[in-house]
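S.K.: Just so it is clear, I am handing over input27.pdb, which has PDB, C-alpha atoms and all ligand atoms.
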```pdb
ATOM      1  CA  MET A  14       5.146  -7.617 -20.996
ATOM      2  CA  THR A  15       6.585 -10.200 -18.633
ATOM      3  CA  ALA A  16       6.115  -9.679 -14.932
ATOM      4  CA  LEU A  17       9.198 -10.396 -12.863
ATOM      5  CA  PHE A  18       7.104 -12.606 -10.608
ATOM      6  CA  PRO A  19       3.764 -14.307 -11.045
ATOM      7  CA  VAL A  20       1.115 -12.721  -8.873
ATOM      8  CA  VAL A  21      -0.420 -14.933  -6.212
ATOM      9  CA  SER A  22      -4.101 -14.097  -6.542
ATOM     10  CA  ASP A  23      -5.543 -16.730  -4.230
ATOM     11  CA  ILE A  24      -4.073 -15.432  -0.981
ATOM     12  CA  ALA A  25      -7.538 -14.338   0.111
ATOM     13  CA  ARG A  26      -8.855 -17.869  -0.249
ATOM     14  CA  ALA A  27      -6.485 -19.196   2.385
ATOM     15  CA  GLN A  28      -8.461 -20.957   5.068
ATOM     16  CA  SER A  29      -6.197 -20.154   7.981
ATOM     17  CA  PHE A  30      -3.571 -17.687   9.075
ATOM     18  CA  ALA A  31      -0.872 -20.318   8.663
ATOM     19  CA  GLN A  32      -2.046 -21.016   5.141
ATOM     20  CA  ALA A  33      -2.068 -17.327   4.295
ATOM     21  CA  ASN A  34       1.469 -17.042   5.603
ATOM     22  CA  ALA A  35       2.550 -19.866   3.364
ATOM     23  CA  LEU A  36       0.851 -18.330   0.345
ATOM     24  CA  LEU A  37       2.380 -14.976   1.153
ATOM     25  CA  ARG A  38       5.919 -16.278   0.905
ATOM     26  CA  ALA A  39       8.189 -13.379  -0.040
ATOM     27  CA  PRO A  40       9.364 -13.487  -3.608
ATOM     28  CA  ALA A  41      13.054 -13.941  -4.302
ATOM     29  CA  ASN A  42      14.338 -10.537  -5.298
ATOM     30  CA  ASP A  43      15.258  -9.953  -8.890
ATOM     31  CA  ALA A  44      18.956  -9.303  -9.370
ATOM     32  CA  ALA A  45      18.386  -5.821 -10.789
ATOM     33  CA  ILE A  46      15.402  -4.628  -8.754
ATOM     34  CA  ARG A  47      15.228  -5.276  -5.041
ATOM     35  CA  ILE A  48      12.523  -4.639  -2.468
ATOM     36  CA  ASP A  49      13.930  -3.439   0.800
ATOM     37  CA  ASP A  50      13.191  -1.341   3.855
ATOM     38  CA  GLU A  51      12.920   2.317   3.029
ATOM     39  CA  ARG A  52      15.968   4.269   4.222
ATOM     40  CA  ASP A  53      16.321   7.923   5.120
ATOM     41  CA  SER A  54      18.243   8.339   1.877
ATOM     42  CA  ASP A  55      15.146   7.168  -0.089
ATOM     43  CA  VAL A  56      12.843   9.863   1.257
ATOM     44  CA  ALA A  57      13.554  12.546  -1.367
ATOM     45  CA  ALA A  58      13.219  10.011  -4.212
ATOM     46  CA  ARG A  59      10.023   8.647  -2.664
ATOM     47  CA  GLU A  60       8.483  12.115  -2.498
ATOM     48  CA  ARG A  61       9.449  12.760  -6.133
ATOM     49  CA  LEU A  62       7.859   9.450  -7.131
ATOM     50  CA  LEU A  63       4.650  10.322  -5.325
ATOM     51  CA  ASP A  64       4.549  13.838  -6.776
ATOM     52  CA  ALA A  65       4.990  12.393 -10.257
ATOM     53  CA  ALA A  66       2.392   9.644  -9.722
ATOM     54  CA  PHE A  67      -0.330  11.602  -7.940
ATOM     55  CA  GLY A  68       0.510  15.311  -8.247
ATOM     56  CA  ALA A  69      -0.437  17.895  -5.685
ATOM     57  CA  ALA A  70      -3.843  16.269  -5.211
ATOM     58  CA  ARG A  71      -2.206  13.558  -3.140
ATOM     59  CA  PHE A  72      -2.226  15.815  -0.079
ATOM     60  CA  ALA A  73      -5.980  16.297  -0.362
ATOM     61  CA  LYS A  74      -6.849  12.572  -0.438
ATOM     62  CA  SER A  75      -9.045  11.327   2.383
ATOM     63  CA  SER A  76      -6.490   8.602   3.137
ATOM     64  CA  GLU A  77      -3.866  11.289   3.699
ATOM     65  CA  ALA A  78      -5.804  12.362   6.790
ATOM     66  CA  LEU A  79      -5.133   8.902   8.246
ATOM     67  CA  ARG A  80      -1.410   9.255   7.579
ATOM     68  CA  ALA A  81      -0.785  12.867   8.477
ATOM     69  CA  GLY A  82       1.287  13.293  11.605
ATOM     70  CA  ARG A  83       1.716   9.522  12.083
ATOM     71  CA  LEU A  84       4.575   7.106  11.690
ATOM     72  CA  PRO A  85       4.077   4.215   9.287
ATOM     73  CA  ALA A  86       3.760   0.728  10.765
ATOM     74  CA  ALA A  87       7.098  -0.771  11.783
ATOM     75  CA  GLY A  88       8.847  -2.703   9.032
ATOM     76  CA  LEU A  89       6.226  -1.735   6.476
ATOM     77  CA  SER A  90       7.842   1.161   4.604
ATOM     78  CA  LEU A  91       9.280  -0.415   1.493
ATOM     79  CA  ALA A  92      11.334   0.835  -1.413
ATOM     80  CA  ALA A  93      11.966  -0.864  -4.739
ATOM     81  CA  ARG A  94      15.502  -0.076  -5.747
ATOM     82  CA  GLU A  95      17.425  -0.427  -8.952
ATOM     83  CA  GLY A  96      20.989   0.047  -7.817
ATOM     84  CA  ALA A  97      20.925   2.939  -5.376
ATOM     85  CA  GLU A  98      17.879   4.545  -6.950
ATOM     86  CA  ALA A  99      14.400   4.149  -5.453
ATOM     87  CA  ILE A 100      11.996   3.396  -8.305
ATOM     88  CA  GLY A 101       9.002   2.268  -6.274
ATOM     89  CA  THR A 102       7.416   2.834  -2.893
ATOM     90  CA  VAL A 103       4.709   1.497  -0.640
ATOM     91  CA  ARG A 104       3.943   2.130   3.017
ATOM     92  CA  LEU A 105       1.371   0.796   5.469
ATOM     93  CA  TRP A 106      -0.176   2.564   8.436
ATOM     94  CA  HIS A 107      -1.923   1.540  11.623
ATOM     95  CA  VAL A 108      -5.659   2.216  11.691
ATOM     96  CA  ARG A 109      -8.532   1.119  13.889
ATOM     97  CA  ILE A 110     -11.925   0.087  12.527
ATOM     98  CA  GLY A 111     -14.217   0.463  15.494
ATOM     99  CA  ASP A 112     -12.263  -1.623  17.992
ATOM    100  CA  ARG A 113     -10.445  -3.765  15.403
ATOM    101  CA  PRO A 114      -6.829  -3.018  14.588
ATOM    102  CA  ALA A 115      -5.951  -3.006  10.896
ATOM    103  CA  LEU A 116      -3.509  -1.532   8.429
ATOM    104  CA  MET A 117      -4.081   0.977   5.663
ATOM    105  CA  LEU A 118      -1.923   0.471   2.569
ATOM    106  CA  GLY A 119      -0.726   3.347   0.450
ATOM    107  CA  PRO A 120       0.409   5.166  -1.397
ATOM    108  CA  LEU A 121       1.837   2.639  -3.847
ATOM    109  CA  ALA A 122       3.757   4.071  -6.777
ATOM    110  CA  VAL A 123       6.285   2.931  -9.325
ATOM    111  CA  ALA A 124       8.372   5.248 -11.527
ATOM    112  CA  ALA A 125       6.801   5.677 -14.973
ATOM    113  CA  SER A 126      10.058   4.414 -16.477
ATOM    114  CA  HIS A 127       9.705   1.086 -14.643
ATOM    115  CA  ARG A 128       5.998   0.251 -14.897
ATOM    116  CA  SER A 129       4.521  -3.035 -16.111
ATOM    117  CA  LEU A 130       7.656  -4.923 -15.109
ATOM    118  CA  GLY A 131       6.090  -6.428 -12.026
ATOM    119  CA  VAL A 132       7.621  -3.933  -9.586
ATOM    120  CA  GLY A 133       4.215  -2.952  -8.184
ATOM    121  CA  ALA A 134       3.415  -6.638  -7.658
ATOM    122  CA  MET A 135       6.787  -7.197  -5.966
ATOM    123  CA  LEU A 136       6.100  -4.324  -3.580
ATOM    124  CA  MET A 137       2.591  -5.595  -2.865
ATOM    125  CA  ARG A 138       3.616  -9.187  -2.281
ATOM    126  CA  GLU A 139       6.474  -8.201  -0.001
ATOM    127  CA  ALA A 140       4.178  -5.816   1.905
ATOM    128  CA  LEU A 141       1.447  -8.447   2.340
ATOM    129  CA  TRP A 142       3.934 -11.104   3.348
ATOM    130  CA  ARG A 143       5.631  -8.834   5.882
ATOM    131  CA  ALA A 144       2.277  -7.736   7.299
ATOM    132  CA  ALA A 145       1.277 -11.381   7.752
ATOM    133  CA  GLN A 146       4.625 -12.223   9.367
ATOM    134  CA  ARG A 147       4.097  -9.401  11.843
ATOM    135  CA  GLY A 148       0.699 -10.724  12.843
ATOM    136  CA  HIS A 149      -1.484  -8.099  11.204
ATOM    137  CA  LYS A 150      -4.896  -9.436  10.291
ATOM    138  CA  ALA A 151      -6.505  -7.036   7.815
ATOM    139  CA  ILE A 152      -5.616  -4.291   5.369
ATOM    140  CA  VAL A 153      -7.745  -1.556   3.819
ATOM    141  CA  LEU A 154      -6.891   0.886   1.046
ATOM    142  CA  VAL A 155      -8.419   3.348  -1.370
ATOM    143  CA  GLY A 156      -7.355   2.508  -4.901
ATOM    144  CA  ASP A 157      -8.176   1.065  -8.286
ATOM    145  CA  ALA A 158     -10.016  -2.227  -7.782
ATOM    146  CA  PRO A 159      -8.918  -3.587 -11.182
ATOM    147  CA  TYR A 160      -5.303  -3.379 -10.001
ATOM    148  CA  TYR A 161      -5.671  -4.506  -6.387
ATOM    149  CA  ALA A 162      -8.152  -7.339  -7.076
ATOM    150  CA  ARG A 163      -5.242  -9.494  -8.310
ATOM    151  CA  PHE A 164      -3.845  -9.483  -4.773
ATOM    152  CA  GLY A 165      -7.203 -10.404  -3.230
ATOM    153  CA  PHE A 166      -8.517  -6.954  -2.279
ATOM    154  CA  GLU A 167     -12.265  -6.468  -2.597
ATOM    155  CA  ALA A 168     -14.842  -3.778  -1.908
ATOM    156  CA  ALA A 169     -17.299  -6.278  -0.404
ATOM    157  CA  LEU A 170     -15.128  -6.450   2.718
ATOM    158  CA  THR A 171     -15.420  -2.735   3.495
ATOM    159  CA  LYS A 172     -19.191  -2.288   3.249
ATOM    160  CA  GLY A 173     -19.648  -1.552   6.937
ATOM    161  CA  LEU A 174     -16.743   0.860   7.213
ATOM    162  CA  ASP A 175     -17.257   4.518   7.907
ATOM    163  CA  TRP A 176     -14.406   6.212   6.025
ATOM    164  CA  PRO A 177     -13.280   9.621   7.281
ATOM    165  CA  GLY A 178     -13.975  11.878   4.316
ATOM    166  CA  GLU A 179     -15.302  11.414   0.843
ATOM    167  CA  VAL A 180     -14.561   8.116  -0.799
ATOM    168  CA  ASP A 181     -15.787   6.243  -3.849
ATOM    169  CA  ARG A 182     -17.015   3.023  -2.193
ATOM    170  CA  ALA A 183     -15.936   0.981  -5.220
ATOM    171  CA  ARG A 184     -12.361   2.064  -4.474
ATOM    172  CA  LEU A 185     -12.500   1.321  -0.744
ATOM    173  CA  LEU A 186     -11.010  -2.162  -0.660
ATOM    174  CA  GLY A 187     -10.233  -4.687   2.032
ATOM    175  CA  PHE A 188      -7.968  -7.711   2.338
ATOM    176  CA  GLU A 189      -8.130 -10.332   5.056
ATOM    177  CA  ILE A 190      -4.790 -11.828   6.062
ATOM    178  CA  GLU A 191      -6.699 -13.834   8.622
ATOM    179  CA  PRO A 192      -9.921 -15.117   7.067
ATOM    180  CA  GLY A 193     -12.897 -13.377   8.686
ATOM    181  CA  ALA A 194     -10.827 -10.479  10.027
ATOM    182  CA  LEU A 195     -13.097  -7.981   8.284
ATOM    183  CA  THR A 196     -16.318  -9.985   8.588
ATOM    184  CA  GLY A 197     -18.957  -7.753  10.117
ATOM    185  CA  ALA A 198     -16.443  -4.926  10.549
ATOM    186  CA  THR A 199     -18.276  -1.684  11.160
ATOM    187  CA  GLY A 200     -17.369   1.698  12.476
ATOM    188  CA  ARG A 201     -15.191   4.615  11.725
ATOM    189  CA  VAL A 202     -11.707   4.087  10.366
ATOM    190  CA  GLU A 203      -9.311   6.084  12.513
ATOM    191  CA  ALA A 204      -5.568   6.613  12.572
ATOM    192  CA  SER A 205      -3.963   4.677  15.394
ATOM    193  CA  GLY A 206      -0.244   4.743  14.615
ATOM    194  CA  ALA A 207       2.384   6.421  16.723
ATOM    195  CA  LYS A 208       2.357  10.172  16.345
ATOM    196  CA  LEU A 209       5.254  11.967  14.738
ATOM    197  CA  LEU A 210       6.949  14.142  17.297
ATOM    198  CA  ARG A 211       7.606  16.794  14.711
ATOM    199  CA  ARG A 212       6.112  17.198  11.238
ATOM    200  CA  MET A 213       8.503  16.579   8.369
ATOM    201  CA  LYS A 214       9.604  19.821   6.801
ATOM    202  CA  ARG A 215       7.834  20.348   3.484
ATOM    203  CA  THR A 216       9.816  20.981   0.333
ATOM    204  CA  PRO A 217       9.387  24.481  -1.204
ATOM    205  CA  ALA A 218       7.186  22.937  -3.926
ATOM    206  CA  GLN A 219       4.944  21.331  -1.288
ATOM    207  CA  GLU A 220       4.725  24.645   0.605
ATOM    208  CA  ARG A 221       3.580  26.404  -2.572
ATOM    209  CA  ARG A 222       0.937  23.746  -3.226
ATOM    210  CA  ALA A 223      -0.331  23.761   0.323
ATOM    211  CA  ALA A 224      -0.640  27.574   0.346
TER     212      ALA A 224
HETATM  213  C1  LIG B   1      -0.345   1.193 -10.176
HETATM  214  C2  LIG B   1       1.185   1.019 -10.243
HETATM  215  C3  LIG B   1       1.768   1.114  -8.857
HETATM  216  C4  LIG B   1       1.469  -0.355 -10.838
HETATM  217  O1  LIG B   1       2.877  -0.557 -10.838
HETATM  218  P1  LIG B   1       3.561  -1.547 -11.884
HETATM  219  O2  LIG B   1       4.926  -1.825 -11.415
HETATM  220  O3  LIG B   1       3.412  -1.012 -13.241
HETATM  221  O4  LIG B   1       2.610  -2.812 -11.700
HETATM  222  P2  LIG B   1       2.817  -4.286 -12.201
HETATM  223  O5  LIG B   1       3.967  -4.341 -13.153
HETATM  224  O6  LIG B   1       2.792  -5.160 -11.035
HETATM  225  O7  LIG B   1       1.467  -4.539 -12.993
HETATM  226  C5  LIG B   1       1.294  -3.929 -14.217
HETATM  227  C6  LIG B   1      -0.078  -4.292 -14.745
HETATM  228  O8  LIG B   1      -1.060  -3.629 -13.944
HETATM  229  C7  LIG B   1      -1.885  -2.861 -14.792
HETATM  230  N1  LIG B   1      -2.284  -1.660 -14.087
HETATM  231  C8  LIG B   1      -1.508  -0.644 -13.716
HETATM  232  N2  LIG B   1      -2.247   0.313 -13.109
HETATM  233  C9  LIG B   1      -3.499  -0.145 -13.106
HETATM  234  C10 LIG B   1      -4.709   0.382 -12.637
HETATM  235  N3  LIG B   1      -4.760   1.569 -12.043
HETATM  236  N4  LIG B   1      -5.825  -0.365 -12.797
HETATM  237  C11 LIG B   1      -5.783  -1.569 -13.414
HETATM  238  N5  LIG B   1      -4.650  -2.128 -13.881
HETATM  239  C12 LIG B   1      -3.537  -1.404 -13.731
HETATM  240  C13 LIG B   1      -1.022  -2.530 -16.002
HETATM  241  O9  LIG B   1      -1.795  -2.253 -17.127
HETATM  242  C14 LIG B   1      -0.236  -3.813 -16.167
HETATM  243  O10 LIG B   1      -1.004  -4.768 -16.844
HETATM  244  P3  LIG B   1      -0.271  -5.828 -17.796
HETATM  245  O11 LIG B   1       0.611  -6.647 -16.894
HETATM  246  O12 LIG B   1      -1.426  -6.611 -18.352
HETATM  247  O13 LIG B   1       0.486  -5.041 -18.779
HETATM  248  C15 LIG B   1       1.820   2.075 -11.174
HETATM  249  O14 LIG B   1       1.185   2.033 -12.422
HETATM  250  C16 LIG B   1       1.745   3.477 -10.630
HETATM  251  O15 LIG B   1       2.616   3.905  -9.898
HETATM  252  N6  LIG B   1       0.699   4.220 -11.022
HETATM  253  C17 LIG B   1       0.509   5.570 -10.561
HETATM  254  C18 LIG B   1       0.114   5.610  -9.105
HETATM  255  C19 LIG B   1      -1.071   4.743  -8.791
HETATM  256  O16 LIG B   1      -2.050   4.729  -9.536
HETATM  257  N7  LIG B   1      -0.961   4.007  -7.675
HETATM  258  C20 LIG B   1      -1.956   3.049  -7.253
HETATM  259  C21 LIG B   1      -3.012   3.706  -6.456
HETATM  260  S1  LIG B   1      -4.581   3.357  -7.132
END
```
Can you dump the structure from the file as structure tokens?
M.R.:
Amino acid sequence: MTALFPVVSDIARAQSFAQANALLRAPANDAAIRIDDERDSDVAARERLLDAAFGAARFAKSSEALRAGRLPAAGLSLAAREGAEAIGTVRLWHVRIGDRPALMLGPLAVAASHRSLGVGAMLMREALWRAAQRGHKAIVLVGDAPYYARFGFEAALTKGLDWPGEVDRARLLGFEIEPGALTGATGRVEASGAKLLRRMKRTPAQERRAA
């Protein structure tokens, strides 16, 4: 299995913000699969991808409580597209850890038909690079450490965090864009993004699951 791009795993070892920015250089897009801003026309495909990847349980995740009713962070809703079709998605959200601003990453999903081609890594690298370019300093997520460790995420950085809801601490991971941004971070993680004026209408399938 050949990844489309090598994964930069030493981003977290950057000694300065400028160095991290350099390491987080956006990958050149593959001719067939491109990472781009999510568009309105991607929303239905994105929801199908997430349903397929996580099932109905995705709405019960503790991280969903930090997303519900909020807008994602500006410029940080990404779609991987093959032609017109969205085959991967990742979004990031504003949170506050005590008085520190941060981002929460997720959900990340790639269509089963396109896995192990490096699409997840392309989405992650573009997301991290864009977050750094926009001046964000730290990212947290709940996910599989064996996957996210390759991008520099680690559970040691989230030890002091008070997560809203049940979480497996080994899956609560942090990434410092600016070295030290999560050092000594304590306190409750709270949603801090702009509120949606009106909740998105659920699909009939989502209504049935939520009932
Ligand atoms: C996780 C996911 C986004 C990875 O996307 P992808 O495009 O296949 O990822 P990449 O091609 O960059 O990397 C693939 C590699 O990651 C590994 N990998 C995938 N999921 C993994 C996981 N949960 N834990 C550890 N390794 C994982 C694959 O085995 C593969 O390894 P290989 O290169 O040695 O074959 C995708 O598998 C997916 O959508 N899964 C379902 C949803 C999900 O679990 N999302 C992540 C939240 S924890």
S.K.: As AutoDock Vina command-line options, please report the centre and edge lengths, rounded to one decimal in Å, of the axis-aligned box that holds all listed atoms of stretch 147-161 of chain A with 8 Å of padding on each of the six sides.
M.R.:
```
--center_x -3.0 --center_y -3.7 --center_z 0.8 --size_x 30.1 --size_y 30.1 --size_z 40.0
```
S.K.: Could you list, as a ChimeraX atom specification, every residue matched by the PyMOL selection byres (((chain A and resi 92) around 9) and not hetatm) in this structure?
M.R.: /A:47-52,55,59,90-91,93-94,99-104,136
S.K.: Write out the residues from the selection above, keeping C-alpha atoms, as a tab-separated table (two decimals), keeping the file's coordinate frame.
M.R.:
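Wrote it out as again08.tsv, contents follow:
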```
chain	number	residue	atom	x	y	z
A	47	ARG	CA	15.23	-5.28	-5.04
A	48	ILE	CA	12.52	-4.64	-2.47
A	49	ASP	CA	13.93	-3.44	0.80
A	50	ASP	CA	13.19	-1.34	3.86
A	51	GLU	CA	12.92	2.32	3.03
A	52	ARG	CA	15.97	4.27	4.22
A	55	ASP	CA	15.15	7.17	-0.09
A	59	ARG	CA	10.02	8.65	-2.66
A	90	SER	CA	7.84	1.16	4.60
A	91	LEU	CA	9.28	-0.42	1.49
A	93	ALA	CA	11.97	-0.86	-4.74
A	94	ARG	CA	15.50	-0.08	-5.75
A	99	ALA	CA	14.40	4.15	-5.45
A	100	ILE	CA	12.00	3.40	-8.30
A	101	GLY	CA	9.00	2.27	-6.27
A	102	THR	CA	7.42	2.83	-2.89
A	103	VAL	CA	4.71	1.50	-0.64
A	104	ARG	CA	3.94	2.13	3.02
A	136	LEU	CA	6.10	-4.32	-3.58
```
S.K.: Would you work out the distance separating atom C15 of ligand LIG 1 (chain B) from atom CA of A:Ile110, expressed in Å to one decimal?
M.R.: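 Pair atom C15 of ligand LIG 1 (chain B) / atom CA of A:Ile110 returns 27.5 Å.
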S.K.: In Å, rounded to a single decimal, give me how far atom O6 of ligand LIG 1 (chain B) is from atom CA of A:Glu139.
M.R.: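 If I compute the distance from atom CA of A:Glu139 to atom O6 of ligand LIG 1 (chain B), I get 12.0 Å.
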S.K.: Would you mind listing the residues within 10 Å of ligand LIG 1 (chain B), counting all atoms listed in the file, as a PyMOL selection string?
M.R.: chain A and resi 14-20+62-68+93+100-103+118-138+154-163+184
S.K.: Just give me the gap between atom CA of A:Ala86 and atom CA of A:Pro192 in Å, one decimal is fine.
M.R.: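 It comes out at 21.3 Å.
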S.K.: Going by the chain IDs and residue numbers used in this file, which residues fall under the PyMOL selection byres (((chain A and resi 175-181) around 10) and not hetatm)? Write them as JSON, numbers by chain.
M.R.: {"A": [74, 75, 76, 78, 79, 110, 111, 155, 156, 171, 172, 173, 174, 182, 183, 184, 185, 198, 199, 200, 201, 202, 203, 204]}
S.K.: Using all atoms listed in the file, determine which residues lie at most 7 Å from A:Val153, disregarding the query and same-chain residues fewer than 4 positions distant; provide the list as a short mmCIF file (atom, residue, chain, number, x, y, z; two decimals) with C-alpha atoms, in the coordinates of the input.
M.R.:
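Output (part.cif):
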```
data_model
loop_
_atom_site.label_atom_id
_atom_site.label_comp_id
_atom_site.auth_asym_id
_atom_site.auth_seq_id
_atom_site.Cartn_x
_atom_site.Cartn_y
_atom_site.Cartn_z
CA LEU A 116 -3.51 -1.53 8.43
CA MET A 117 -4.08 0.98 5.66
CA LEU A 118 -1.92 0.47 2.57
CA LEU A 186 -11.01 -2.16 -0.66
CA GLY A 187 -10.23 -4.69 2.03
CA PHE A 188 -7.97 -7.71 2.34
#
```
S.K.: Give me the residues near A:Glu189 as a PyMOL selection string, where near means some atom within 8 Å (using all atoms listed in the file) and where sequence neighbours in that chain fewer than 6 positions away do not count.
M.R.: chain A and resi 25+150-152+195
S.K.: Which residues are near A:Leu209? Cut-off 10 Å, only C-alpha atoms, ignore same chain within fewer than 5 positions. Put them as a list in words.
M.R.: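 Selected residues are Ala81, Gly82, Arg83, Leu84 and Pro85 of chain A.
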S.K.: Which is closer to A:Ser205 than all the others in A:Asp112, A:Glu95, A:Asp53, A:Glu60, using all atoms listed in the file?
M.R.: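 Among the listed residues, the smallest separation from A:Ser205 belongs to A:Asp112.
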S.K.: Skip A:Thr216 itself and residues of its chain fewer than 2 positions away, then list as number ranges by chain all residues within 12 Å of it, counting all atoms listed in the file.
M.R.: A: 56-57, 60-61, 64, 213-214, 218-223
